[in-house]
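Below is one structure, written out as structure tokens; the observations come after it.
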Amino acid sequence: MKKFKKIASLFFSIVMVCSVFTGCSKGNGDDGATTEPTTVDKASMTPEEYYNIDSWESSENVIDDNYRNYYHIFVYSFADSDGDGVGDLNGITSKLDYIEEMGFNGIWLSPIHQSTTYHKYDVVDYYSIDEEYGTMEDFEKFMEECEKRGIKVILDLVFNHTSTKHEWFKEASEYLKGLESGEEVNLEECPYVDYYHIMKSDEVTTGKYYKITGSDYSYEGQFWDQMPDLNLASSEVRKQIEKVAQFWVDKGVGGFRLDAAKEFYTGQTEKNIEVLSWFTDYCKSLDEDLYLVAEVWDSFSTISKYYTSGITSIFDYAYGDSSGHIIRAIQSAGDGKTGKSLASTFVKTQDAYLNSNPNMINAPFLSNHDCGRIAGFSSGKQERIKMAGALNAFMSGSSFTYYGEELGMSGSGKDENKRAPMYWSDFGQMDGVCAGPSAMDEVKQKFGSLETQKQDKYSIYWYYRNIYHIKNMFPEIARGKVAVMDAIEDGNVCAISKTYNDETIYILFNINKEATTVKVPTDKYSYEGLVASLAIDENEVSMEGDTVTLPAYGIAVIK
Ligand code: CA
């Protein structure tokens with residue numbers, strides 16, 4: 001999946017972006033001295049004209065490495081191809097042009113293996129595709145289409161537990177039920193008993209153990225009694241997991257998202273780190289470029305510890321979700337200090353993670369299938385949703401975007417509501433709109449469907465497209481080492497530099513509903529000028545000399 005593009009010259013980028021984002025359009029009506037001077041009527045421009053998207057591809061510089069823009073798809077609710085209301089693989093394949101156009105070059109699929117639930121985190125068979133989602137052929141077709149577009153696919157690999165319907169668990173429980181009272185387990189007769197955390201019911205002292213009816217034994221189920229926890233100390237279990245990983249890597253997947261890493265051994269961080277090390281080493285032995293990202297739903301200091309495992313990425317819960325740094329900064333917008341303090345936090349967390357693993361690639365996200373939707377954390381305010389989206393995408397690392405975030409979708413409360421159908425259009429089924437999980441409440445959407453938002457140049461959709469276009473223009477944004485721009489005085493402005501391959505880019509986020517003007521002193525910072533910008537409405541970012549004008553929630557990219 002090589003997709004290198006020639007690095008556009010800085011000069012070209014500046015001219016291009018200048019004409020797109022800062023309104024210094026050139027060439028209109030320039031066909032002779034007698035022509036009336038023409039003013040550009042921006043209000044009547046289509047979004048495509050306004051953003052000059054014909055020039056986008058040639059100005060992007062997408063590098064084929066593990067710093068990617070991941071799109072997180074909850075398969076059940078994304079796109080339905082056959083009218084049964086359930087999202088499926090063919091549905092996703094039909095939306096790949098959309099995903100590519102948005103600027104995403106990675107996809108994380110929620111679990112697709114055979115399972116008993118709509119979310120499919122209880123795996124019955126790791127080697128098959130759940131029939132609600134399609135067939136292995138559909139999967140192969142999907143992979144082929146992703147490969148063509150340079151999109152890396154990572155699968156959700158759930159090996160903290162299986163389903164109680166998994167063959168291993170069925171074998172183990174049948175065996176235990178067949179034992180005479182007082183008869184000891186013989187692992188040679190049934191090795192599967194050792195695949196799970198099983199103990200005699202009268203010896204259970206902790207919660208989360210469930211009795212195997214008709215036997216003297218109980219099993220651990222951290223999340224649900226239908227999801228027995230695997231015994232990851234067993235070398236047999238590890239061999240089985242390695243086989244599963246190899247099987248999917250042979251199918252072309254580019255890596256895995258590792259579910260529930262904190263529960264491998266609940267409460268035992270060191271042991272969990274060892275599991276991550278083992279699996280990382282195994283995957284790297286298959287292919288050095290495989291990408292692994294773990295779910296460690298915890299604080300910054302715990303995540304730092306888990307990075308000592310050597311795993312490439314861990315979701316950055318310090319920044320995501322309703323109490324993460326990004327939302328907290330936006331909620332205190334305009335207090336005179338939140339911008340500066342966020343900039344320092346970026347450096348502090350980066351340094352700690354790098355100290356644990358110098359090769360780590362951070363994995364920032366705003367929301368996922370377990371968190372409420374970002375629209376809720378942002379009080380439904382469009383400008384906050386936009387700023388949060390940009391802050392997340394412009395963090396160093398491989399950023400993750402939960403499907404529908406680019407439309408400002410809503411969904412909170414019970415889990416099913418957080419997994420509401422992707423809002424393709426108001427026409428419903430004909431555009432692949434899914435029915436959503438059956439236990440879902442009616443989820444009201446505040447912002448329009450994709451079809452509607454496409455028509456509005458200031459929609460959240462167009463803002464997101466611009467975010468990822470800019471990110472794809474400048475490799476420093478994802479790959480750069482972050483530093484605080486101390487000389488920027490306005491405390492509402494989060495001002496950071498990012499350095500990658502000896503190139504430095506400067507980004508200024510005005511986390512404030514008031515416009516501001518800041519000086520970027522040339523004796524401290526070396527740059528040519530404004531190369532890209534983002535604004536929440538028609539008020540544009542501009543720069544004259546060393547002075548940048550940032551409208552409310554405006555963002556300037558300077559190089
Ligand atoms: Ca379907």
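The way I read the labels, and the way they are meant: chains A, B, ... in the order of the structure tokens, residue 1 as the first residue of every chain, and ligand 1 as the first ligand shown, with later ones counted on from there.
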
Can you build me a table of chain A residues sitting at most 8 Å from ligand 1, with the closest atom pair per residue and its distance in Å to one decimal, using only C-alpha atoms and all ligand atoms, sorted by chain and residue number, as JSON lines?
{"residue": "A:Ala79", "atom": "CA", "partner": "ligand 1", "partner_atom_place_in_ligand_line": "1 (Ca)", "distance": 7.6}
{"residue": "A:Asp80", "atom": "CA", "partner": "ligand 1", "partner_atom_place_in_ligand_line": "1 (Ca)", "distance": 4.3}
{"residue": "A:Ser81", "atom": "CA", "partner": "ligand 1", "partner_atom_place_in_ligand_line": "1 (Ca)", "distance": 5.2}
{"residue": "A:Asp82", "atom": "CA", "partner": "ligand 1", "partner_atom_place_in_ligand_line": "1 (Ca)", "distance": 4.7}
{"residue": "A:Gly83", "atom": "CA", "partner": "ligand 1", "partner_atom_place_in_ligand_line": "1 (Ca)", "distance": 5.7}
{"residue": "A:Asp84", "atom": "CA", "partner": "ligand 1", "partner_atom_place_in_ligand_line": "1 (Ca)", "distance": 4.9}
{"residue": "A:Gly85", "atom": "CA", "partner": "ligand 1", "partner_atom_place_in_ligand_line": "1 (Ca)", "distance": 5.6}
{"residue": "A:Val86", "atom": "CA", "partner": "ligand 1", "partner_atom_place_in_ligand_line": "1 (Ca)", "distance": 4.1}
{"residue": "A:Gly87", "atom": "CA", "partner": "ligand 1", "partner_atom_place_in_ligand_line": "1 (Ca)", "distance": 4.8}
{"residue": "A:Asp88", "atom": "CA", "partner": "ligand 1", "partner_atom_place_in_ligand_line": "1 (Ca)", "distance": 4.9}
{"residue": "A:Gly91", "atom": "CA", "partner": "ligand 1", "partner_atom_place_in_ligand_line": "1 (Ca)", "distance": 7.3}
{"residue": "A:Glu132", "atom": "CA", "partner": "ligand 1", "partner_atom_place_in_ligand_line": "1 (Ca)", "distance": 6.6}
{"residue": "A:Tyr133", "atom": "CA", "partner": "ligand 1", "partner_atom_place_in_ligand_line": "1 (Ca)", "distance": 6.5}
{"residue": "A:Gly134", "atom": "CA", "partner": "ligand 1", "partner_atom_place_in_ligand_line": "1 (Ca)", "distance": 7.9}
{"residue": "A:Cys434", "atom": "CA", "partner": "ligand 1", "partner_atom_place_in_ligand_line": "1 (Ca)", "distance": 7.9}

**OP:** With a distance cut-off of 7 Å and only C-alpha atoms, select the neighbouring residues of range 532-543 of chain A, excluding the residue or stretch itself and same-chain residues fewer than 2 positions from it, and output the selection as a list in words.
**Re:** Val17, Phe21, Thr22, Glu383, Tyr458, Ile470, Leu530, Gly545, Thr547, Val548, Thr549, Leu550, Pro551, Tyr553, Gly554, Ile555, Ala556 and Val557 of chain A

File of the preceding selection, all heavy atoms, as a compact mmCIF listing (two decimals), in the first residue's frame:
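Output file selection_24.txt is given in full below:
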# COMPACT_ATOMS: atom_id res chain seq x y z
N VAL A 17 -2.69 27.74 -0.20
CA VAL A 17 -3.49 27.90 1.01
C VAL A 17 -3.97 29.33 1.16
O VAL A 17 -5.08 29.61 1.56
CB VAL A 17 -2.67 27.47 2.25
CG1 VAL A 17 -3.44 27.80 3.50
CG2 VAL A 17 -2.41 25.99 2.17
N PHE A 21 -7.74 29.79 1.97
CA PHE A 21 -8.23 30.04 3.31
C PHE A 21 -8.22 31.49 3.74
O PHE A 21 -8.97 31.87 4.62
CB PHE A 21 -7.40 29.23 4.33
CG PHE A 21 -7.53 27.77 4.12
CD1 PHE A 21 -6.54 27.04 3.50
CD2 PHE A 21 -8.69 27.12 4.53
CE1 PHE A 21 -6.69 25.69 3.31
CE2 PHE A 21 -8.84 25.77 4.34
CZ PHE A 21 -7.83 25.05 3.72
N THR A 22 -7.35 32.29 3.18
CA THR A 22 -7.27 33.63 3.73
C THR A 22 -7.89 34.66 2.80
O THR A 22 -7.87 35.84 3.07
CB THR A 22 -5.82 34.02 4.05
OG1 THR A 22 -5.10 34.08 2.83
CG2 THR A 22 -5.18 33.02 4.97
N GLU A 383 -19.25 25.59 17.46
CA GLU A 383 -17.87 26.09 17.47
C GLU A 383 -16.99 25.24 18.40
O GLU A 383 -15.82 25.04 18.15
CB GLU A 383 -17.83 27.58 17.86
CG GLU A 383 -18.29 27.91 19.27
CD GLU A 383 -19.81 28.07 19.40
OE1 GLU A 383 -20.54 27.62 18.49
OE2 GLU A 383 -20.26 28.62 20.42
N TYR A 458 -19.95 26.24 5.93
CA TYR A 458 -19.51 26.40 7.32
C TYR A 458 -20.01 25.26 8.22
O TYR A 458 -20.02 25.38 9.44
CB TYR A 458 -19.98 27.75 7.89
CG TYR A 458 -19.53 28.91 7.02
CD1 TYR A 458 -20.45 29.79 6.47
CD2 TYR A 458 -18.17 29.10 6.74
CE1 TYR A 458 -20.04 30.84 5.65
CE2 TYR A 458 -17.75 30.13 5.93
CZ TYR A 458 -18.68 31.00 5.38
OH TYR A 458 -18.27 32.03 4.58
N ILE A 470 -5.56 19.81 5.82
CA ILE A 470 -4.38 20.52 6.33
C ILE A 470 -3.40 19.53 6.95
O ILE A 470 -2.20 19.58 6.71
CB ILE A 470 -4.80 21.59 7.37
CG1 ILE A 470 -5.60 22.70 6.67
CG2 ILE A 470 -3.58 22.17 8.08
CD1 ILE A 470 -6.25 23.69 7.62
N LEU A 530 1.79 32.51 7.05
CA LEU A 530 0.62 31.66 7.27
C LEU A 530 0.50 30.66 6.12
O LEU A 530 0.49 31.06 4.96
CB LEU A 530 -0.61 32.57 7.30
CG LEU A 530 -1.95 31.94 7.68
CD1 LEU A 530 -1.97 31.54 9.15
CD2 LEU A 530 -3.08 32.95 7.41
N GLY A 545 2.89 40.56 8.32
CA GLY A 545 4.18 40.61 9.00
C GLY A 545 4.23 39.54 10.07
O GLY A 545 3.98 38.37 9.78
N THR A 547 2.23 39.53 12.71
CA THR A 547 1.00 39.64 13.50
C THR A 547 -0.15 38.80 12.91
O THR A 547 -0.51 38.97 11.76
CB THR A 547 0.58 41.12 13.60
OG1 THR A 547 1.70 41.84 14.12
CG2 THR A 547 -0.60 41.28 14.52
N VAL A 548 -0.66 37.92 13.73
CA VAL A 548 -1.75 37.04 13.30
C VAL A 548 -3.05 37.51 13.93
O VAL A 548 -3.10 37.79 15.13
CB VAL A 548 -1.53 35.59 13.77
CG1 VAL A 548 -2.57 34.65 13.15
CG2 VAL A 548 -0.15 35.11 13.46
N THR A 549 -4.09 37.58 13.11
CA THR A 549 -5.42 37.87 13.65
C THR A 549 -6.22 36.58 13.64
O THR A 549 -6.39 35.94 12.59
CB THR A 549 -6.12 38.95 12.82
OG1 THR A 549 -5.31 40.12 12.87
CG2 THR A 549 -7.50 39.24 13.37
N LEU A 550 -6.64 36.19 14.83
CA LEU A 550 -7.40 34.95 14.98
C LEU A 550 -8.83 35.30 15.38
O LEU A 550 -9.05 35.87 16.44
CB LEU A 550 -6.78 34.09 16.07
CG LEU A 550 -5.39 33.50 15.81
CD1 LEU A 550 -4.70 33.12 17.11
CD2 LEU A 550 -5.49 32.29 14.89
N PRO A 551 -9.81 34.95 14.54
CA PRO A 551 -11.20 35.16 14.96
C PRO A 551 -11.55 34.18 16.08
O PRO A 551 -10.72 33.36 16.47
CB PRO A 551 -12.00 34.88 13.69
CG PRO A 551 -11.13 34.02 12.86
CD PRO A 551 -9.71 34.34 13.22
N TYR A 553 -12.26 31.15 18.04
CA TYR A 553 -11.89 29.75 17.79
C TYR A 553 -11.11 29.54 16.48
O TYR A 553 -11.16 28.47 15.90
CB TYR A 553 -13.13 28.84 17.81
CG TYR A 553 -13.81 28.79 19.17
CD1 TYR A 553 -14.96 29.53 19.41
CD2 TYR A 553 -13.28 28.04 20.21
CE1 TYR A 553 -15.58 29.52 20.66
CE2 TYR A 553 -13.88 28.02 21.46
CZ TYR A 553 -15.03 28.75 21.68
OH TYR A 553 -15.63 28.73 22.91
N GLY A 554 -10.42 30.56 16.03
CA GLY A 554 -9.64 30.43 14.80
C GLY A 554 -8.31 29.70 15.05
O GLY A 554 -7.77 29.73 16.16
N ILE A 555 -7.82 29.08 14.00
CA ILE A 555 -6.56 28.34 14.10
C ILE A 555 -5.64 28.78 12.96
O ILE A 555 -6.06 28.81 11.79
CB ILE A 555 -6.80 26.81 14.00
CG1 ILE A 555 -7.73 26.36 15.14
CG2 ILE A 555 -5.48 26.04 14.05
CD1 ILE A 555 -8.20 24.92 15.02
N ALA A 556 -4.41 29.10 13.31
CA ALA A 556 -3.43 29.48 12.29
C ALA A 556 -2.31 28.46 12.25
O ALA A 556 -1.83 28.00 13.29
CB ALA A 556 -2.85 30.85 12.62
N VAL A 557 -1.92 28.09 11.04
CA VAL A 557 -0.77 27.19 10.85
C VAL A 557 0.30 28.01 10.12
O VAL A 557 0.04 28.56 9.04
CB VAL A 557 -1.15 25.94 10.04
CG1 VAL A 557 0.06 25.01 9.88
CG2 VAL A 557 -2.31 25.20 10.70

Tell me, as a compact mmCIF listing (two decimals) with C-alpha atoms, in the first residue's frame, which residues lie within 6 Å of range 421-429 of chain A, counting only C-alpha atoms; anything in the same chain fewer than 4 positions away does not count.
# COMPACT_ATOMS: atom_id res chain seq x y z
CA SER A 77 -24.51 1.17 12.68
CA PHE A 78 -22.39 2.46 9.82
CA GLY A 404 -20.36 10.65 12.76
CA VAL A 433 -28.78 4.33 6.82
CA CYS A 434 -28.93 1.60 9.48
CA GLY A 436 -29.26 1.04 14.98
CA SER A 449 -27.29 14.78 7.70
CA LEU A 450 -24.24 14.44 5.49
CA GLU A 451 -26.37 15.40 2.46

Original post:
Could you pull out the alpha helix (DSSP H) residues of range 191-426 of chain A from DSSP and send them as a ChimeraX atom specification?
Top reply: /A:235-250,269-286,300-306,325-331,338-356,374-377,382-393

**OP:** Could you give me, as a ChimeraX atom specification, the residues within 7 Å of Asn417 in chain A, counting only C-alpha atoms and dropping anything in the same chain fewer than 4 positions from it?
**Re:** /A:411-413,440-441,443

**OP:** Kindly give the distance, in Å, that separates CA of Leu407 in chain A and CA of Ala435 in chain A, rounded to a single decimal.
**Re:**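 Atom-to-atom, CA of Leu407 in chain A to CA of Ala435 in chain A, that is 18.0 Å.
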
Subject >> Exercise: range 483-493 of chain A partners within 9 Å, only C-alpha atoms, chain neighbours under 5 positions left out, as an NGL selection string >> reply: :A and (333-341 or 343-344 or 346-347 or 498-499 or 506 or 508-512 or 516-521 or 524-525)

Residues from last step as file, C-alpha atoms, as a PDB file, in the first residue's frame:
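And here's again_5.pdb as it stands now:
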ATOM      1  CA  ALA A 333     -12.451  28.789  26.894  1.00  0.00           C
ATOM      2  CA  GLY A 334     -11.636  32.453  27.346  1.00  0.00           C
ATOM      3  CA  ASP A 335     -10.450  32.261  30.972  1.00  0.00           C
ATOM      4  CA  GLY A 336      -7.136  33.829  29.989  1.00  0.00           C
ATOM      5  CA  LYS A 337      -4.988  30.800  30.715  1.00  0.00           C
ATOM      6  CA  THR A 338      -6.486  27.640  29.239  1.00  0.00           C
ATOM      7  CA  GLY A 339      -4.601  27.897  25.928  1.00  0.00           C
ATOM      8  CA  LYS A 340      -1.207  28.222  27.532  1.00  0.00           C
ATOM      9  CA  SER A 341      -1.912  25.489  30.004  1.00  0.00           C
ATOM     10  CA  ALA A 343       0.159  23.728  25.359  1.00  0.00           C
ATOM     11  CA  SER A 344       2.234  22.801  28.431  1.00  0.00           C
ATOM     12  CA  PHE A 346       0.829  18.535  25.413  1.00  0.00           C
ATOM     13  CA  VAL A 347       4.549  18.673  26.172  1.00  0.00           C
ATOM     14  CA  LYS A 498       6.123  20.803  16.024  1.00  0.00           C
ATOM     15  CA  THR A 499       9.451  19.676  14.665  1.00  0.00           C
ATOM     16  CA  TYR A 506       3.740  26.521  14.331  1.00  0.00           C
ATOM     17  CA  LEU A 508      -1.978  28.698  17.166  1.00  0.00           C
ATOM     18  CA  PHE A 509      -5.415  27.747  18.501  1.00  0.00           C
ATOM     19  CA  ASN A 510      -7.542  30.603  19.805  1.00  0.00           C
ATOM     20  CA  ILE A 511      -9.568  28.844  22.494  1.00  0.00           C
ATOM     21  CA  ASN A 512     -11.849  31.779  23.005  1.00  0.00           C
ATOM     22  CA  THR A 516      -7.493  38.137  19.220  1.00  0.00           C
ATOM     23  CA  THR A 517      -4.320  39.443  17.643  1.00  0.00           C
ATOM     24  CA  VAL A 518      -0.962  37.947  18.563  1.00  0.00           C
ATOM     25  CA  LYS A 519       2.609  38.653  17.586  1.00  0.00           C
ATOM     26  CA  VAL A 520       4.852  35.789  16.512  1.00  0.00           C
ATOM     27  CA  PRO A 521       8.295  37.346  17.018  1.00  0.00           C
ATOM     28  CA  LYS A 524      12.294  33.672  18.287  1.00  0.00           C
ATOM     29  CA  TYR A 525      10.563  31.787  15.515  1.00  0.00           C
TER      30      TYR A 525
END

Original post:
Tell me, which residues of range 284-493 of chain A carry DSSP strand (DSSP E or B), written as a PyMOL selection string?
Top reply: chain A and resi 291-294+313-315+363+365+399-402+481-484+493

Those same residues, written as an mmCIF file, in the first residue's frame with N, CA and C atoms?
data_model
loop_
_atom_site.group_PDB
_atom_site.id
_atom_site.type_symbol
_atom_site.label_atom_id
_atom_site.label_comp_id
_atom_site.auth_asym_id
_atom_site.auth_seq_id
_atom_site.Cartn_x
_atom_site.Cartn_y
_atom_site.Cartn_z
ATOM 1 N N TYR A 291 0.498 -2.302 13.098
ATOM 2 C CA TYR A 291 0.176 -1.222 14.026
ATOM 3 C C TYR A 291 -0.716 -1.767 15.144
ATOM 4 N N LEU A 292 -0.304 -1.546 16.372
ATOM 5 C CA LEU A 292 -1.096 -2.016 17.515
ATOM 6 C C LEU A 292 -1.473 -0.840 18.395
ATOM 7 N N VAL A 293 -2.722 -0.823 18.795
ATOM 8 C CA VAL A 293 -3.174 0.226 19.714
ATOM 9 C C VAL A 293 -4.031 -0.429 20.797
ATOM 10 N N ALA A 294 -3.697 -0.144 22.054
ATOM 11 C CA ALA A 294 -4.390 -0.806 23.162
ATOM 12 C C ALA A 294 -5.368 0.129 23.851
ATOM 13 N N SER A 313 0.997 2.063 20.263
ATOM 14 C CA SER A 313 0.029 3.105 20.644
ATOM 15 C C SER A 313 -0.915 2.656 21.752
ATOM 16 N N ILE A 314 -1.343 3.633 22.521
ATOM 17 C CA ILE A 314 -2.386 3.424 23.532
ATOM 18 C C ILE A 314 -3.345 4.612 23.408
ATOM 19 N N PHE A 315 -4.628 4.329 23.390
ATOM 20 C CA PHE A 315 -5.596 5.436 23.288
ATOM 21 C C PHE A 315 -5.353 6.423 24.419
ATOM 22 N N ALA A 363 -2.112 7.977 20.444
ATOM 23 C CA ALA A 363 -3.383 7.681 19.765
ATOM 24 C C ALA A 363 -4.499 8.523 20.380
ATOM 25 N N PHE A 365 -8.000 10.634 20.709
ATOM 26 C CA PHE A 365 -9.381 10.450 20.223
ATOM 27 C C PHE A 365 -10.267 11.360 21.066
ATOM 28 N N SER A 399 -4.346 10.035 14.983
ATOM 29 C CA SER A 399 -5.602 10.462 15.603
ATOM 30 C C SER A 399 -6.733 9.523 15.185
ATOM 31 N N PHE A 400 -7.712 9.383 16.066
ATOM 32 C CA PHE A 400 -8.885 8.550 15.786
ATOM 33 C C PHE A 400 -10.133 9.422 15.794
ATOM 34 N N THR A 401 -10.992 9.173 14.832
ATOM 35 C CA THR A 401 -12.249 9.908 14.722
ATOM 36 C C THR A 401 -13.388 8.898 14.687
ATOM 37 N N TYR A 402 -14.276 9.012 15.648
ATOM 38 C CA TYR A 402 -15.418 8.096 15.730
ATOM 39 C C TYR A 402 -16.439 8.490 14.663
ATOM 40 N N LYS A 481 7.638 16.696 17.110
ATOM 41 C CA LYS A 481 7.805 16.765 18.555
ATOM 42 C C LYS A 481 7.293 18.143 18.998
ATOM 43 N N VAL A 482 6.465 18.136 20.028
ATOM 44 C CA VAL A 482 5.779 19.366 20.446
ATOM 45 C C VAL A 482 6.618 20.185 21.420
ATOM 46 N N ALA A 483 6.592 21.507 21.229
ATOM 47 C CA ALA A 483 7.161 22.430 22.217
ATOM 48 C C ALA A 483 6.193 23.607 22.371
ATOM 49 N N VAL A 484 6.254 24.258 23.529
ATOM 50 C CA VAL A 484 5.397 25.419 23.776
ATOM 51 C C VAL A 484 6.048 26.652 23.155
ATOM 52 N N VAL A 493 -4.614 31.504 23.911
ATOM 53 C CA VAL A 493 -4.115 30.868 22.694
ATOM 54 C C VAL A 493 -3.189 29.710 23.062
#

Original post:
For Ile467 in chain A, which residue among A:Lys305, A:Lys211, A:Lys444, A:Lys386 is the nearest when counting only C-alpha atoms?
Top reply: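 Closest residue, counting only C-alpha atoms: A:Lys386.
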
Subject >> Selected residue of minimal separation from Ala261 in chain A among A:Lys559, A:His161, A:His197, A:Arg149, counting only C-alpha atoms >> reply: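 Answer, going by the shortest atom-to-atom distance: A:His161.
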
**OP:** Go through A:Phe142, A:Leu391, A:Asn160, A:His369 one by one, measure the shortest atom-to-atom distance of each to His325 in chain A using only C-alpha atoms, and give the residue with the smallest value.
**Re:**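 Using only C-alpha atoms, His325 in chain A sits closest to A:Leu391.
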
Original post:
Which residue, A:Cys146, A:Leu109, A:Leu89, A:Ala552, has the smallest gap to Glu131 in chain A when you use only C-alpha atoms?
Top reply: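 Among the listed residues, A:Leu89 lies closest to Glu131 in chain A.
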
**OP:** Pick out the closest residue to Ile151 in chain A from this set: A:Gly214, A:Arg68, A:Val193, A:Tyr127. Count only C-alpha atoms.
**Re:**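 The shortest atom-to-atom distance to Ile151 in chain A comes from A:Arg68.
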
All residues 8 Å or closer to range 201-204 of chain A, only C-alpha atoms, same chain fewer than 6 positions away omitted, as a PDB file with all heavy atoms, in the first residue's frame:
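Heads up, here's the output in around_35.pdb:
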ATOM      1  N   LYS A 211     -21.036 -19.152  38.407  1.00  0.00           N
ATOM      2  CA  LYS A 211     -21.070 -20.603  38.550  1.00  0.00           C
ATOM      3  C   LYS A 211     -21.383 -21.282  37.211  1.00  0.00           C
ATOM      4  O   LYS A 211     -22.194 -20.787  36.422  1.00  0.00           O
ATOM      5  CB  LYS A 211     -22.154 -20.975  39.576  1.00  0.00           C
ATOM      6  CG  LYS A 211     -22.029 -22.409  40.069  1.00  0.00           C
ATOM      7  CD  LYS A 211     -22.769 -22.583  41.390  1.00  0.00           C
ATOM      8  CE  LYS A 211     -22.927 -24.065  41.735  1.00  0.00           C
ATOM      9  NZ  LYS A 211     -21.662 -24.807  41.841  1.00  0.00           N
ATOM     10  N   ASP A 216     -19.108 -28.013  40.153  1.00  0.00           N
ATOM     11  CA  ASP A 216     -18.630 -27.380  41.394  1.00  0.00           C
ATOM     12  C   ASP A 216     -17.770 -26.159  41.094  1.00  0.00           C
ATOM     13  O   ASP A 216     -17.093 -25.641  41.973  1.00  0.00           O
ATOM     14  CB  ASP A 216     -17.779 -28.377  42.207  1.00  0.00           C
ATOM     15  CG  ASP A 216     -18.596 -29.571  42.672  1.00  0.00           C
ATOM     16  OD1 ASP A 216     -19.829 -29.419  42.770  1.00  0.00           O
ATOM     17  OD2 ASP A 216     -17.999 -30.642  42.917  1.00  0.00           O
ATOM     18  N   TYR A 217     -17.773 -25.712  39.827  1.00  0.00           N
ATOM     19  CA  TYR A 217     -16.797 -24.700  39.401  1.00  0.00           C
ATOM     20  C   TYR A 217     -17.437 -23.376  38.966  1.00  0.00           C
ATOM     21  O   TYR A 217     -18.599 -23.338  38.569  1.00  0.00           O
ATOM     22  CB  TYR A 217     -15.929 -25.254  38.256  1.00  0.00           C
ATOM     23  CG  TYR A 217     -15.022 -26.377  38.732  1.00  0.00           C
ATOM     24  CD1 TYR A 217     -15.477 -27.698  38.811  1.00  0.00           C
ATOM     25  CD2 TYR A 217     -13.711 -26.100  39.129  1.00  0.00           C
ATOM     26  CE1 TYR A 217     -14.668 -28.716  39.271  1.00  0.00           C
ATOM     27  CE2 TYR A 217     -12.881 -27.121  39.592  1.00  0.00           C
ATOM     28  CZ  TYR A 217     -13.366 -28.422  39.666  1.00  0.00           C
ATOM     29  OH  TYR A 217     -12.565 -29.418  40.131  1.00  0.00           O
ATOM     30  N   SER A 218     -16.592 -22.336  39.051  1.00  0.00           N
ATOM     31  CA  SER A 218     -16.997 -20.996  38.608  1.00  0.00           C
ATOM     32  C   SER A 218     -15.920 -20.411  37.705  1.00  0.00           C
ATOM     33  O   SER A 218     -14.764 -20.832  37.752  1.00  0.00           O
ATOM     34  CB  SER A 218     -17.193 -20.064  39.802  1.00  0.00           C
ATOM     35  OG  SER A 218     -18.270 -20.511  40.598  1.00  0.00           O
TER      36      SER A 218
END

Subject >> 6 Å contact set for range 445-448 of chain A, only C-alpha atoms, chain neighbours under 2 positions out, as a ChimeraX atom specification >> reply: /A:410,452-453

Using only N, CA, C and O atoms, please write the residues we just selected to a file, as a PDB file, in the first residue's frame.
ATOM      1  N   SER A 410     -25.057  13.326  17.765  1.00  0.00           N
ATOM      2  CA  SER A 410     -25.347  13.219  19.192  1.00  0.00           C
ATOM      3  C   SER A 410     -25.509  11.750  19.577  1.00  0.00           C
ATOM      4  O   SER A 410     -25.708  10.895  18.710  1.00  0.00           O
ATOM      5  N   THR A 452     -27.171  17.207   3.836  1.00  0.00           N
ATOM      6  CA  THR A 452     -27.481  18.606   4.147  1.00  0.00           C
ATOM      7  C   THR A 452     -26.207  19.404   4.401  1.00  0.00           C
ATOM      8  O   THR A 452     -26.038  20.509   3.892  1.00  0.00           O
ATOM      9  N   GLN A 453     -25.313  18.827   5.201  1.00  0.00           N
ATOM     10  CA  GLN A 453     -24.105  19.565   5.594  1.00  0.00           C
ATOM     11  C   GLN A 453     -23.168  19.814   4.415  1.00  0.00           C
ATOM     12  O   GLN A 453     -22.417  20.785   4.412  1.00  0.00           O
TER      13      GLN A 453
END

Subject >> Point-to-point distance from CA of Lys271 in chain A to CA of Lys208 in chain A, Å rounded to tenths >> reply: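 Calculated distance between CA of Lys271 in chain A and CA of Lys208 in chain A is 19.2 Å.
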
Once you count only C-alpha atoms, what closest atom pair and distance in Å to one decimal does each residue of range 301-335 of chain A within 9 Å of range 352-358 of chain A have, with rows by chain and rising residue number, as CSV?
residue,atom,partner,partner_atom,distance
A:Ser301,CA,A:Ala352,CA,8.2
A:Ile303,CA,A:Tyr353,CA,7.9
A:Ser304,CA,A:Tyr353,CA,5.1
A:Lys305,CA,A:Ser356,CA,6.8
A:Tyr306,CA,A:Ser356,CA,8.1
A:Tyr307,CA,A:Ser356,CA,5.4
A:Thr308,CA,A:Ser356,CA,4.8
A:Ser309,CA,A:Asn357,CA,7.9
A:Gly310,CA,A:Asn357,CA,6.0
A:Ile311,CA,A:Asn357,CA,8.1
A:Thr312,CA,A:Asn357,CA,8.3

**OP:** Name the closest residue to Lys513 in chain A among the candidates A:Ser332, A:Ser285, A:Asn368, A:Ser379; distances are taken between atoms, counting only C-alpha atoms.
**Re:** A:Ser332
